[in-house]
Every structure is written in C-alpha cells, then in structure tokens.
Amino acid sequence: MSPPQPGRGTRDSDLARAVPAGDRRALARAITLVESDREDHRAEARDLLSALLPAISPALRVGVTGAPGAGKSTLIEALGLVAADAGRRPAVLAIDPSSAIGGGSILGDKTRMGELSRRPEAFIRPSPAGQAQGGVSRRTSETILLVEAAGHDPVLVETVGAGQSEHAVAGMVDLLVLVVAPGGGDDLQAMKRGIMELADIVVISKADGDLRTAAERAHRDHSAAAALGLTRHPGFPPEVAMCSAVT
C-alpha cells in the first residue's frame with residue numbers, strides 16, 4: 001500500500017471551500033490544477049471536482065466563435081460589461097491557439113478586455129488550446145464547472161477561431177454565436193457547411209461607421225445562407241443579426 005501524499009487532501013479541501021466562497025486566487029489555482037497534465041495533479045483535480053459538485057449551479061453558457069479578427073474579444077467584453085452592469089458575475093474563458101512548433105500560446109485575450117478585467121465581479125481566464133481540436137482546450141468543460149462552482153454566470157467561451165473545426169464547443173454550451181466581420185471574404189464562407197450548421201446566432205460585427213453598408217450586405221447574404229442550410233436544431237435556422245460592440 002503506497003503512503004499517503006502529504007498535503008494533497010489539505011489542498012483539495014482548502015480549494016473546495018475557497019472556490020464557492022468567491023476567492024478569485026483559489027479559482028485561478030483550481031483551474032491551473034485542472035489544466036495540468038501531471039498524473040498526481042489529475043487525481044487531485046478529480047477529487048476537487050467531486051467535492052465541488054454540490055456547489056455547482058448551472059450558468060448560461062455561451063460559446064463565441066469566428067475567424068481571427070472578426071471582433072470576438074471586443075464583442076465578448078461588451079457583453080460581459082452589460083452582464084456586470086446588470087448585477088451578474090460574468091466569466092470569460094478565452095482559448096488561445098498554440099504554436100505547432102514550440103507549443104506556446106500568447107494568451108493575450110485578457111489584455112484585449114482591459115475594462116472588463118478591472119471589474120471585480122468578472123473573471124477572465126486565457127488558456128492555451130494545446131493540441132486539442134474543436135476550438136477549445138482539453139480541459140474547457142472542467143474549467144466551466146469550476147467557474148460555475150464559483151458562482152459566475154454567464155460563462156462566455158471564446159474559441160480559437162480556426163474555421164470549420166469549431167465543433168467541440170457546441171456540445172459544451174447552451175448557445176453558440178458565430179461572429180462574422182463584414183467585407184472580410186466571409187460571404188462565400190457563409191454558404192459552406194460546417195460552422196453555420198452549428199451556430200444558433202450569426203452576428204455580423206462592426207456594423208457601424210464606414211462598415212455599415214458592408215455589414216448590411218453580409219447580413220443579407222448570411223440570412224439567405226441560413227435559410228437554405230442545415231441546422232443542429234431542425235426547423236430552427238440560426239438567427240442572423242448585426243451588432244456594434246462600440247454602440
């Protein structure tokens with residue numbers, strides 16, 4: 001029989017008490033533990049999640065996907081600020097692409113959400129995608145449970161935005177939003193099967209200023225494509241809308 005691991009039970013129980021109490025540092029440590037690949041950490045993470053199950057209150061989970069540069073981070077920050085102003089405690093899980101050569105990630109999403117990151121009721125966590133497919137990291141579903149246990153609602157998951165491979169996130173969220181930039185060559189992409197079949201809402205972003213006309217044209221094109229395409233909810237094609245994160 002192997003000897004007990006000193007400190008393991010203590011750390012698990014400390015985190016299990018601190019995370020539901022709203023301790024942001026404890027939540028960050030818990031996510032780091034869940035994301036670790038070490039075998040002893042994986043065992044600790046399983047114990048922690050089991051201990052936190054009674055504290056988990058399901059939140060509204062929204063996945064936000066789209067090509068790089070479509071304006072996902074700007075839109076998510078705007079939505080997070082609206083939620084915070086309404087008395088909610090939004091959490092943002094931002095998945096950054098990892099280098100195929102070095103394996104590292106920039107993890108710059110938090111810096112692009114400067115105003116939201118300063119709100120005490122909001123929690124933003126950038127995570128590397130690693131080698132996981134589907135626009136999310138290998139531990140995203142577990143991380144969602146942790147932020148729910150900490151009382152955050154809604155949970156906004158920003159995917160890598162790698163194109164039509166954004167399928168795994170669709171099974172983790174209640175609502176999948178596809179963000180499309182006007183005039184970016186996405187009109188033809190709207191006619192392709194793949195992510196359009198998974199999206200619940202297609203948002204034409206940056207619909208203001210000089211891009212307003214292009215956004216209106218993209219809205220017409222995507223509306224036509226949504227009416228013709230397949231959908232994961234038969235009889236309910238995705239809603240197509242325009243928005244401006246600024247206004």
# chains A, B, ... in the order shown; residues from 1 in each chain; ligands from 1
>>> residues_around(residues="region 226-240 of chain A", least_positions_apart="3", cutoff="8 Å", atoms="only C-alpha atoms", output="PyMOL selection string")
chain A and resi 190-191+193+196-204+219+222-223
>>> write_last_selection(atoms="all heavy atoms", output="CSV table (one decimal), in the first residue's frame")
chain,number,residue,atom,x,y,z
A,190,ALA,N,-20.1,31.7,-45.8
A,190,ALA,CA,-21.5,31.5,-45.2
A,190,ALA,C,-22.2,30.4,-46.0
A,190,ALA,O,-23.1,29.8,-45.4
A,190,ALA,CB,-22.3,32.8,-45.3
A,191,MET,N,-21.8,30.1,-47.2
A,191,MET,CA,-22.5,29.1,-48.0
A,191,MET,C,-22.0,27.7,-47.7
A,191,MET,O,-22.5,26.8,-48.2
A,191,MET,CB,-22.4,29.5,-49.5
A,191,MET,CG,-22.9,30.8,-49.9
A,191,MET,SD,-24.6,31.1,-49.4
A,191,MET,CE,-25.4,29.9,-50.4
A,193,ARG,N,-21.0,24.4,-45.6
A,193,ARG,CA,-21.5,23.6,-44.4
A,193,ARG,C,-20.4,23.6,-43.4
A,193,ARG,O,-19.2,23.7,-43.7
A,193,ARG,CB,-21.9,22.2,-44.8
A,193,ARG,CG,-23.1,22.2,-45.7
A,193,ARG,CD,-23.6,20.8,-46.0
A,193,ARG,NE,-24.8,20.9,-46.8
A,193,ARG,CZ,-25.4,19.8,-47.3
A,193,ARG,NH1,-24.9,18.6,-47.0
A,193,ARG,NH2,-26.5,19.9,-48.0
A,196,MET,N,-21.7,27.0,-39.8
A,196,MET,CA,-23.0,27.5,-40.0
A,196,MET,C,-24.1,26.6,-39.5
A,196,MET,O,-25.1,27.0,-39.0
A,196,MET,CB,-23.3,27.9,-41.4
A,196,MET,CG,-22.6,29.2,-41.9
A,196,MET,SD,-23.5,30.7,-41.1
A,196,MET,CE,-25.1,30.6,-42.0
A,197,GLU,N,-23.8,25.3,-39.6
A,197,GLU,CA,-24.8,24.3,-39.2
A,197,GLU,C,-24.9,24.2,-37.6
A,197,GLU,O,-25.9,23.7,-37.1
A,197,GLU,CB,-24.5,22.9,-39.7
A,197,GLU,CG,-24.5,22.9,-41.3
A,197,GLU,CD,-24.1,21.5,-41.8
A,197,GLU,OE1,-23.8,20.7,-41.0
A,197,GLU,OE2,-24.0,21.4,-43.0
A,198,LEU,N,-23.8,24.6,-37.0
A,198,LEU,CA,-23.7,24.5,-35.5
A,198,LEU,C,-24.2,25.8,-34.8
A,198,LEU,O,-24.6,25.8,-33.7
A,198,LEU,CB,-22.3,24.2,-35.1
A,198,LEU,CG,-21.7,22.9,-35.6
A,198,LEU,CD1,-20.2,22.8,-35.2
A,198,LEU,CD2,-22.5,21.7,-35.0
A,199,ALA,N,-24.1,26.9,-35.5
A,199,ALA,CA,-24.4,28.2,-34.9
A,199,ALA,C,-25.9,28.4,-34.6
A,199,ALA,O,-26.7,28.0,-35.4
A,199,ALA,CB,-23.9,29.4,-35.8
A,200,ASP,N,-26.2,29.0,-33.4
A,200,ASP,CA,-27.5,29.4,-33.1
A,200,ASP,C,-27.8,30.8,-33.5
A,200,ASP,O,-28.9,31.1,-33.8
A,200,ASP,CB,-27.7,29.2,-31.5
A,200,ASP,CG,-27.6,27.8,-31.1
A,200,ASP,OD1,-28.3,26.9,-31.5
A,200,ASP,OD2,-26.6,27.5,-30.3
A,201,ILE,N,-26.8,31.6,-33.4
A,201,ILE,CA,-26.9,33.0,-33.8
A,201,ILE,C,-25.7,33.4,-34.6
A,201,ILE,O,-24.5,33.1,-34.2
A,201,ILE,CB,-27.0,34.0,-32.6
A,201,ILE,CG1,-28.2,33.6,-31.7
A,201,ILE,CG2,-27.1,35.4,-33.1
A,201,ILE,CD1,-28.3,34.5,-30.5
A,202,VAL,N,-25.9,34.0,-35.8
A,202,VAL,CA,-24.8,34.6,-36.6
A,202,VAL,C,-24.8,36.1,-36.4
A,202,VAL,O,-25.8,36.7,-36.7
A,202,VAL,CB,-24.9,34.2,-38.1
A,202,VAL,CG1,-23.8,34.8,-38.9
A,202,VAL,CG2,-25.0,32.7,-38.2
A,203,VAL,N,-23.7,36.6,-35.9
A,203,VAL,CA,-23.6,38.1,-35.6
A,203,VAL,C,-22.7,38.7,-36.6
A,203,VAL,O,-21.5,38.3,-36.7
A,203,VAL,CB,-23.1,38.3,-34.2
A,203,VAL,CG1,-22.9,39.8,-34.0
A,203,VAL,CG2,-24.2,37.8,-33.2
A,204,ILE,N,-23.2,39.6,-37.4
A,204,ILE,CA,-22.3,40.5,-38.3
A,204,ILE,C,-21.8,41.6,-37.4
A,204,ILE,O,-22.5,42.5,-37.0
A,204,ILE,CB,-23.1,41.0,-39.5
A,204,ILE,CG1,-23.9,39.9,-40.1
A,204,ILE,CG2,-22.1,41.7,-40.5
A,204,ILE,CD1,-23.1,38.7,-40.6
A,219,HIS,N,-25.2,40.7,-43.9
A,219,HIS,CA,-26.4,40.3,-43.2
A,219,HIS,C,-27.4,39.6,-44.2
A,219,HIS,O,-28.0,38.6,-43.9
A,219,HIS,CB,-27.1,41.5,-42.5
A,219,HIS,CG,-28.3,41.1,-41.7
A,219,HIS,ND1,-29.6,41.1,-42.3
A,219,HIS,CD2,-28.5,40.7,-40.5
A,219,HIS,CE1,-30.5,40.7,-41.4
A,219,HIS,NE2,-29.9,40.5,-40.3
A,222,HIS,N,-25.8,36.2,-45.4
A,222,HIS,CA,-25.9,35.1,-44.3
A,222,HIS,C,-27.3,34.7,-44.0
A,222,HIS,O,-27.5,33.6,-43.6
A,222,HIS,CB,-25.1,35.6,-43.1
A,222,HIS,CG,-23.7,35.6,-43.2
A,222,HIS,ND1,-22.9,36.4,-44.0
A,222,HIS,CD2,-22.8,34.7,-42.7
A,222,HIS,CE1,-21.6,36.1,-43.9
A,222,HIS,NE2,-21.5,35.1,-43.1
A,223,SER,N,-28.2,35.6,-44.1
A,223,SER,CA,-29.6,35.3,-43.9
A,223,SER,C,-30.1,34.3,-44.9
A,223,SER,O,-30.8,33.3,-44.6
A,223,SER,CB,-30.5,36.6,-43.9
A,223,SER,OG,-30.2,37.4,-42.8
>>> closest_residue(among="A:Val92, A:Leu60, A:Asp23, A:Asp12", to="His41 (chain A)", atoms="only C-alpha atoms")
A:Asp12
>>> residues_around(residues="Ala45 (chain A)", least_positions_apart="5", cutoff="12 Å", atoms="only C-alpha atoms", output="list of chain:residue names")
A:Arg8, A:Gly9, A:Arg11, A:Asp12, A:Ser13, A:Leu15, A:Ala16, A:Arg29, A:Ala30, A:Ile31, A:Thr32, A:Leu33, A:Val34, A:Glu35, A:Ser36, A:Asp37, A:Arg38, A:Glu39, A:Asp40, A:Ser50, A:Ala51, A:Leu52, A:Arg139, A:Glu142, A:Thr143, A:Leu145, A:Leu146
>>> closest_residue(among="A:Pro126, A:Pro120, A:Pro54, A:Gly183", to="Gly80 (chain A)", atoms="only C-alpha atoms")
A:Pro120
>>> residues_around(residues="Pro182 (chain A)", least_positions_apart="4", cutoff="9 Å", atoms="only C-alpha atoms", output="list in words")
Ala70, Asp186, Asp187, Ile204, Ser205, Lys206, Ala207, Leu211, Arg212, Thr213, Ala214, Ala215, Glu216, Arg217, Ala218 and His219 of chain A
>>> closest_residue(among="A:Leu48, A:Val147, A:Leu75, A:Ala55", to="Leu178 (chain A)", atoms="only C-alpha atoms")
A:Leu75
>>> residues_around(residues="Leu156 (chain A)", least_positions_apart="3", cutoff="7 Å", atoms="only C-alpha atoms", output="ChimeraX atom specification")
/A:61-63,91-93
>>> atom_distance(atom1="CA of Pro58 (chain A)", atom2="CA of Met242 (chain A)")
28.7 Å
>>> closest_residue(among="A:Ala225, A:Val155, A:Ala149, A:Ala170", to="Ala26 (chain A)", atoms="only C-alpha atoms")
A:Ala149
>>> closest_residue(among="A:Ala122, A:Val64, A:Val82, A:Leu53", to="Thr159 (chain A)", atoms="only C-alpha atoms")
A:Val64
